[in-house]
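Q: Below you'll find the structure I mean.
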Amino acid sequence: MSISYRKRGKNKTWDYRVFDKNGIVIASNSGFKTKKEASYEATDVERKLLLSNVFTPKATLYELWEKWYELIIVPSKLSQSSKDKHVQRGKVIKEYFDDVVVTKISHSKYQQFINDYCSRVLVDQVRRFNKVVKEVILMAQRDGALIADFTEGIKFEGETSRKKPEDKHIGSIVAYENLLIALKKRIFESDSVTPCLLYLYFTTGFRPGEGAAVCWPDIDFENMEIKTYRRYSGDKNKFYPPKNKWAVRSAPMSDDLATILKYLQNNQERILAEKGVINSENLVFFDWLHGVPTSTAVSKYLKSLLKDIGYDYKLTAYSGRHSYGSYLLAEKIDIWVVSKILGHKDISQLIETYGHLLQEIEKEGHKEIRELLNTGERYKKISL
């Protein structure tokens, strides 16, 4: 199916024609003042025609997903990696429901599939898959398909993480502070940008892609803040949109981090001038030879550093984010503040990720409350 546009007549108005796969006109209209107005109607007509070819009593879930992907995901501004994930979800639908008429999928049958899927992949991944299926069904329903929403009320039971809690972040405040000291030592002893990037991860909670995307104009030395509003892939040397709208935020910058970044800035300007290399994007963590380090390279560097200072943690570049969150909570920073700094929608994800730590804080809080409400001694003093 395709669309063509023409500007015709004395009034120079626009028209459109929609063709089927054989080149036959199946819809048209004219008299639009602008091509944009014609495009709005034409694409809507095309969408409805496409859907009408799919929403039949014998349509399968995979056929509905294919049209949903074509109409919603393909023209979207999602990164290619996100679109690729949708393609993988489509393959799962095809594997399990390829020949099954969508109206024949019952809630119990779908729950059975979800149980099996949860046994193979993480629960969060299954939840995202289910959300896509729900959107596919909703779009079909809005276009008149009589399909029951079998995704409603589905239960998810399975692993939430392949990693043990101790493998996600530094296990103690002392270890966290010792790592920062070791990173600072490495920073001022070499020209590598990797320890600088790691220091940023462990002191801002930025995701690896967020930290890699920081450019010099994003750093506000006057107000001691760093902005993050997009991501960067060191593998593909390309910027991507933020993970979600809550990921657009500012993080407070410590005096130590500010000193490190100013040192890096002066060092970078000197080295790039000597090598005749241009940092066209003005990226902070730009190496003259390798560009921005990949997450794999950063994780490898971190593993080596931890071994050198005597720690056996199995951490990655992402662990800087978890370690930072754990440190702030352990130091009694308000959970709502921590949630906002890390770019979460609310505190629910924070509670899920740091539940073990929050339980310890909760016990300490109970003790403080008991002491606070132990007013017996105060009453005695008042009576005297």
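For the structure tokens, the naming scheme is as follows: chains receive sequential letters (A, B, ...) according to their order of presentation, residues are indexed from 1 within each chain, and ligands are indexed from 1 in presentation order.
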Which residues are close to Thr259 (chain A), i.e. within 12 Å by only C-alpha atoms, leaving aside same-chain residues fewer than 6 positions away? Reply as a PyMOL selection string.
A: chain A and resi 184+187-188+196+199-200+221+224+253+265-266
Q: Can you write just those residues out, N, CA and C atoms, as a tab-separated table (two decimals), in the first residue's frame?
A:
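Final file, out_7.tsv:
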chain	number	residue	atom	x	y	z
A	184	LYS	N	40.29	8.39	42.23
A	184	LYS	CA	40.94	9.71	42.18
A	184	LYS	C	42.44	9.56	41.96
A	187	ILE	N	43.02	8.77	38.37
A	187	ILE	CA	42.70	9.92	37.52
A	187	ILE	C	43.90	10.85	37.38
A	188	PHE	N	44.53	11.12	38.50
A	188	PHE	CA	45.63	12.10	38.48
A	188	PHE	C	46.99	11.47	38.17
A	196	CYS	N	37.73	8.65	35.20
A	196	CYS	CA	36.89	9.84	35.36
A	196	CYS	C	35.42	9.50	35.14
A	199	TYR	N	34.15	7.54	38.06
A	199	TYR	CA	33.92	8.42	39.21
A	199	TYR	C	32.57	9.12	39.07
A	200	LEU	N	32.25	9.53	37.85
A	200	LEU	CA	30.95	10.16	37.60
A	200	LEU	C	29.82	9.18	37.89
A	221	PHE	N	29.16	24.45	36.48
A	221	PHE	CA	30.11	24.57	37.58
A	221	PHE	C	29.67	25.62	38.61
A	224	MET	N	26.87	23.86	40.50
A	224	MET	CA	27.34	22.52	40.90
A	224	MET	C	26.31	21.44	40.55
A	253	MET	N	26.58	17.97	42.04
A	253	MET	CA	27.98	17.66	41.80
A	253	MET	C	28.81	18.03	43.03
A	265	GLN	N	39.05	18.50	31.76
A	265	GLN	CA	38.82	19.47	30.69
A	265	GLN	C	40.14	20.07	30.20
A	266	ASN	N	40.99	20.48	31.15
A	266	ASN	CA	42.29	21.05	30.79
A	266	ASN	C	43.17	20.02	30.10
Q: Run DSSP on the backbone and tell me which residues of region 51-256 of chain A come out as strand (DSSP E); list them as number ranges by chain.
A: A: 219-220, 225-228, 231-233, 238-240, 249-252
Q: Could you name the residues that touch Ser81 (chain A) at 12 Å or less, counting only C-alpha atoms, but leaving out those on the same chain fewer than 5 positions away, as a PyMOL selection string?
A: chain A and resi 73+86-88+233+236+238-241+243
Q: For Glu37 (chain A), list every protein, DNA or RNA residue within 12 Å, evaluated using only C-alpha atoms, and leave out those in the same chain fewer than 6 positions away; present the list as a compact mmCIF listing (two decimals) with N, CA and C atoms, in the first residue's frame.
A:
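Contents of the output file out-v5.txt:
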# COMPACT_ATOMS: atom_id res chain seq x y z
N TYR A 5 0.81 12.31 -3.49
CA TYR A 5 0.22 13.64 -3.27
C TYR A 5 0.45 14.50 -4.51
N THR A 13 -4.53 23.62 -4.61
CA THR A 13 -4.83 22.78 -3.45
C THR A 13 -4.24 21.38 -3.65
N TRP A 14 -4.14 20.67 -2.53
CA TRP A 14 -3.50 19.34 -2.55
C TRP A 14 -4.56 18.23 -2.56
N ASP A 15 -4.18 17.12 -3.19
CA ASP A 15 -5.01 15.93 -3.09
C ASP A 15 -4.11 14.72 -2.80
N TYR A 16 -4.73 13.62 -2.44
CA TYR A 16 -3.96 12.39 -2.20
C TYR A 16 -4.68 11.21 -2.82
N ASN A 29 -8.90 11.87 -2.01
CA ASN A 29 -9.63 13.07 -1.61
C ASN A 29 -8.82 14.28 -2.07
N SER A 30 -9.48 15.45 -2.14
CA SER A 30 -8.80 16.64 -2.65
C SER A 30 -9.30 17.88 -1.92
N GLY A 31 -8.70 19.05 -2.29
CA GLY A 31 -9.13 20.33 -1.73
C GLY A 31 -8.42 20.74 -0.45
N THR A 43 -2.85 9.27 5.80
CA THR A 43 -2.23 8.25 6.66
C THR A 43 -3.27 7.59 7.56
N ASP A 44 -4.26 8.37 7.98
CA ASP A 44 -5.33 7.80 8.80
C ASP A 44 -6.16 6.81 7.98
Q: If we count only C-alpha atoms and set the cut-off at 12 Å, which residues sit around Arg231 (chain A), ignoring sequence neighbours fewer than 6 positions away in its own chain? Please answer as a list in words.
A: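 Once the nearby chain positions are removed, what remains is Ser79, Phe206, Arg207, Pro208, Gly209, Glu210, Gly211, Ala212, Ala213, Val214, Cys215, Asn237, Lys238, Phe239, Tyr240, Pro241, Pro242, Lys243, Asn244, Ala247, Val248 and Leu283 of chain A.
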Q: Just list the residues in region 257-289 of chain A DSSP gives helix (DSSP H, G or I) on the backbone, as JSON, numbers by chain.
A: {"A": [257, 258, 259, 260, 261, 262, 263, 264, 265, 266, 267, 268, 269, 270, 271, 272, 273, 274, 275]}
Q: May I ask which of the residues A:Lys134, A:Leu306, A:Gln80, A:Trp216 is the closest one to Asn279 (chain A), counting only C-alpha atoms?
A: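 Looking only at the distances to Asn279 (chain A), the closest residue turns out to be A:Trp216.
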